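Visitor: Take a look at the following structure, please.
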Amino acid sequence: MSSHRESQIEEIQALESIYPEIEVLSTEPHYVFTIEVKGEVSKNDTDIAASCTLKFTYVESYPDEPPLIEVEDEDNLDSDEAAEIVSHLNQQAQENLGMVMIFTLVSAGTEKIHVLLEEREKRIQDAKERGERELEELERRKFEGTRVTVESFTAWKLKFNAEMNELKQIKASELAAQKKPTGRQLFERDRTLDESDINFLDDDESVPVDETLFEDVEDFGIDDDDDDDPDFEGDDDGEEEEEEDNE
């Protein structure tokens with residue numbers, strides 16, 4: 001029997017006395033066994049626990065070479081956390097080459113679960129506090145109003161100008177629609193107006209005139225003799241005779 005094999009048998013016997021829950025799955029060609037590990041943290045007087053089963057497989061030259069390590073039956077651990085446990089234990093195995101190491105690896109696995117739970121709770125707490133801060137900041141902004149910067153004012157001004165130009169165009173269109181149409185617009189809108197004017201000019205019927213209305217014109221004192229007109233100046237011959245008598 002090789003020294004490696006002897007070291008492996010002795011370690012299995014020691015592990016069975018330390019971990020009653022150890023389960024040896026195989027002894028040939030190499031030992032394969034599992035040990036359950038647990039970890040927990042307390043939060044607000046509540047214990048939060050997680051566990052998994054570590055599966056070890058000795059290699060022929062163990063402990064000069066590290067054992068194969070697997071994680072099974074994870075409880076309250078996701079796949080990423082299980083992968084972290086395996087990576088951490090492989091690193092620990094490399095640091096303990098040349099000596100039996102299962103007890104060290106099981107202890108490291110238990111501690112790693114505890115660390116993972118603490119990190120998880122810290123992420124949850126950080127996210128909660130961040131959410132509370134964001135909510136407080138939102139409430140503060142609602143109370144104080146939005147702070148104006150050069151960039152925010154420029155963006156607002158461009159948007160405001162665009163809205164005002166659009167409003168002006170709408171009002172101009174409404175005023176144009178309400179404006180009274182011109183004759184040309186009426187003509188262009190209804191061609192029958194032009195036809196009615198032409199029909200009126202082409203009508204041969206004359207308007208009858210009552211001539212008796214003009215027979216008594218003399219009764220109104222209208223005289224054709226200009227002598228009765230006080231502004232009538234008379235003939236130039238009378239003026240000449242008067243000038244000769246004066247001489």
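Ordered as shown in the structure tokens, chains take letters A, B, and onward, while each chain numbers its residues from 1 and ligands are numbered from 1 in the order shown.
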Can you pull out the residues contacting Ile85 in chain A? Cut-off 12 Å, using only C-alpha atoms, and skip same-chain residues under 5 positions away; I want them as a list of chain:residue names.
Guide: A:Val37, A:Ser51, A:Cys52, A:Thr53, A:Leu54, A:Ile69, A:Glu70, A:Val71, A:Glu72, A:Glu74, A:Leu77, A:Asp78, A:Ser79, A:Asp80, A:Asn90, A:Gln91, A:Gln92, A:Leu105, A:Val106, A:Ser107, A:Ala108, A:Gly109, A:Thr110, A:Glu111, A:Lys112, A:Ile113, A:His114, A:Val115, A:Leu116
Visitor: What lies within 12 Å of Glu10 in chain A using only C-alpha atoms, ignoring chain neighbours under 6 positions off, as a PDB file with all heavy atoms, in the first residue's frame?
Guide:
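result_16.pdb, written as the output of this step:
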ATOM      1  N   SER A   3       2.035   5.226   0.358  1.00  0.00           N
ATOM      2  CA  SER A   3       1.873   6.210   1.434  1.00  0.00           C
ATOM      3  C   SER A   3       0.675   7.109   1.166  1.00  0.00           C
ATOM      4  O   SER A   3      -0.005   7.566   2.101  1.00  0.00           O
ATOM      5  CB  SER A   3       3.155   7.029   1.565  1.00  0.00           C
ATOM      6  OG  SER A   3       3.435   7.714   0.342  1.00  0.00           O
ATOM      7  N   HIS A   4       0.385   7.409  -0.117  1.00  0.00           N
ATOM      8  CA  HIS A   4      -0.774   8.253  -0.445  1.00  0.00           C
ATOM      9  C   HIS A   4      -2.070   7.562  -0.017  1.00  0.00           C
ATOM     10  O   HIS A   4      -2.958   8.192   0.555  1.00  0.00           O
ATOM     11  CB  HIS A   4      -0.795   8.542  -1.951  1.00  0.00           C
ATOM     12  CG  HIS A   4       0.315   9.444  -2.391  1.00  0.00           C
ATOM     13  ND1 HIS A   4       1.100   9.153  -3.482  1.00  0.00           N
ATOM     14  CD2 HIS A   4       0.795  10.620  -1.893  1.00  0.00           C
ATOM     15  CE1 HIS A   4       2.001  10.116  -3.656  1.00  0.00           C
ATOM     16  NE2 HIS A   4       1.830  11.013  -2.683  1.00  0.00           N
ATOM     17  N   GLU A  16     -14.785  10.828   9.606  1.00  0.00           N
ATOM     18  CA  GLU A  16     -15.992  10.164  10.071  1.00  0.00           C
ATOM     19  C   GLU A  16     -16.260  10.445  11.548  1.00  0.00           C
ATOM     20  O   GLU A  16     -17.420  10.488  11.970  1.00  0.00           O
ATOM     21  CB  GLU A  16     -15.857   8.657   9.848  1.00  0.00           C
ATOM     22  CG  GLU A  16     -15.983   8.257   8.389  1.00  0.00           C
ATOM     23  CD  GLU A  16     -15.746   6.778   8.165  1.00  0.00           C
ATOM     24  OE1 GLU A  16     -15.101   6.148   9.037  1.00  0.00           O
ATOM     25  OE2 GLU A  16     -16.211   6.248   7.126  1.00  0.00           O
ATOM     26  N   SER A  17     -15.206  10.677  12.307  1.00  0.00           N
ATOM     27  CA  SER A  17     -15.383  11.017  13.721  1.00  0.00           C
ATOM     28  C   SER A  17     -15.748  12.484  13.903  1.00  0.00           C
ATOM     29  O   SER A  17     -16.408  12.855  14.881  1.00  0.00           O
ATOM     30  CB  SER A  17     -14.105  10.683  14.499  1.00  0.00           C
ATOM     31  OG  SER A  17     -13.024  11.479  14.026  1.00  0.00           O
ATOM     32  N   TYR A  31     -11.351   7.107  -3.068  1.00  0.00           N
ATOM     33  CA  TYR A  31     -12.458   7.490  -2.181  1.00  0.00           C
ATOM     34  C   TYR A  31     -13.258   8.637  -2.817  1.00  0.00           C
ATOM     35  O   TYR A  31     -12.708   9.627  -3.313  1.00  0.00           O
ATOM     36  CB  TYR A  31     -11.939   7.926  -0.829  1.00  0.00           C
ATOM     37  CG  TYR A  31     -11.649   6.798   0.124  1.00  0.00           C
ATOM     38  CD1 TYR A  31     -10.358   6.291   0.261  1.00  0.00           C
ATOM     39  CD2 TYR A  31     -12.684   6.246   0.885  1.00  0.00           C
ATOM     40  CE1 TYR A  31     -10.099   5.249   1.140  1.00  0.00           C
ATOM     41  CE2 TYR A  31     -12.436   5.210   1.766  1.00  0.00           C
ATOM     42  CZ  TYR A  31     -11.142   4.708   1.887  1.00  0.00           C
ATOM     43  OH  TYR A  31     -10.886   3.667   2.754  1.00  0.00           O
ATOM     44  N   PRO A  63      -2.327  13.495  -0.884  1.00  0.00           N
ATOM     45  CA  PRO A  63      -2.552  14.957  -0.839  1.00  0.00           C
ATOM     46  C   PRO A  63      -1.517  15.806  -1.586  1.00  0.00           C
ATOM     47  O   PRO A  63      -1.512  17.027  -1.451  1.00  0.00           O
ATOM     48  CB  PRO A  63      -2.490  15.239   0.650  1.00  0.00           C
ATOM     49  CG  PRO A  63      -1.497  14.278   1.167  1.00  0.00           C
ATOM     50  CD  PRO A  63      -1.671  13.029   0.348  1.00  0.00           C
ATOM     51  N   VAL A 100      -2.936  16.528   4.330  1.00  0.00           N
ATOM     52  CA  VAL A 100      -4.373  16.269   4.219  1.00  0.00           C
ATOM     53  C   VAL A 100      -5.125  17.576   4.470  1.00  0.00           C
ATOM     54  O   VAL A 100      -4.760  18.371   5.351  1.00  0.00           O
ATOM     55  CB  VAL A 100      -4.805  15.182   5.211  1.00  0.00           C
ATOM     56  CG1 VAL A 100      -4.220  13.840   4.802  1.00  0.00           C
ATOM     57  CG2 VAL A 100      -4.429  15.516   6.636  1.00  0.00           C
ATOM     58  N   ILE A 102      -8.978  18.053   3.799  1.00  0.00           N
ATOM     59  CA  ILE A 102     -10.434  18.058   3.698  1.00  0.00           C
ATOM     60  C   ILE A 102     -11.057  18.883   4.818  1.00  0.00           C
ATOM     61  O   ILE A 102     -12.007  19.655   4.573  1.00  0.00           O
ATOM     62  CB  ILE A 102     -10.987  16.629   3.695  1.00  0.00           C
ATOM     63  CG1 ILE A 102     -10.438  15.852   2.493  1.00  0.00           C
ATOM     64  CG2 ILE A 102     -12.510  16.653   3.666  1.00  0.00           C
ATOM     65  CD1 ILE A 102     -10.734  16.488   1.150  1.00  0.00           C
TER      66      ILE A 102
END
Visitor: At what distance in Å, to one decimal, does CA of Arg120 in chain A lie from CA of Asn76 in chain A?
Guide: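 It comes out at 11.1 Å.
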Visitor: Counting only C-alpha atoms, what is within 10 Å of Tyr19 in chain A, bar same-chain residues fewer than 5 positions away, as a count of residues only?
Guide: 4
Visitor: Can you tell me, as a list of chain:residue names, what residues are no more than 9 Å from Val59 in chain A when counting only C-alpha atoms, ignoring any on the same chain fewer than 6 positions away?
Guide: A:His30, A:Tyr31, A:Glu65, A:Pro66, A:Pro67, A:Leu68
Visitor: Could you pull out the helix (DSSP H, G or I) residues of range 14-202 of chain A from DSSP and send them as an MDAnalysis selection string?
Guide: chainID A and resid 14:18 79:95 102:144 150:178 183:189 192:201
Visitor: Quick one, how far is CA of Ile22 in chain A from CA of Glu118 in chain A?
Guide: 26.8 Å
Visitor: Let me make sure I understand: among A:Val86, A:Val41, A:Leu158, A:Met101, which one has the smallest atom-to-atom distance to Ile12 in chain A if we use only C-alpha atoms?
Guide: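 Among the listed residues, A:Met101 lies closest to Ile12 in chain A.
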Visitor: Nearest to Gln94 in chain A: which of A:Asp64, A:Leu167, A:Glu132, A:Glu121 is it, counting only C-alpha atoms?
Guide: A:Asp64
Visitor: Would you please work out which residue, of A:Thr104, A:Glu163, A:Ala93, A:Ile48, is nearest to Glu11 in chain A when using only C-alpha atoms?
Guide: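 Residue with the minimum atom-to-atom distance to Glu11 in chain A: A:Thr104.
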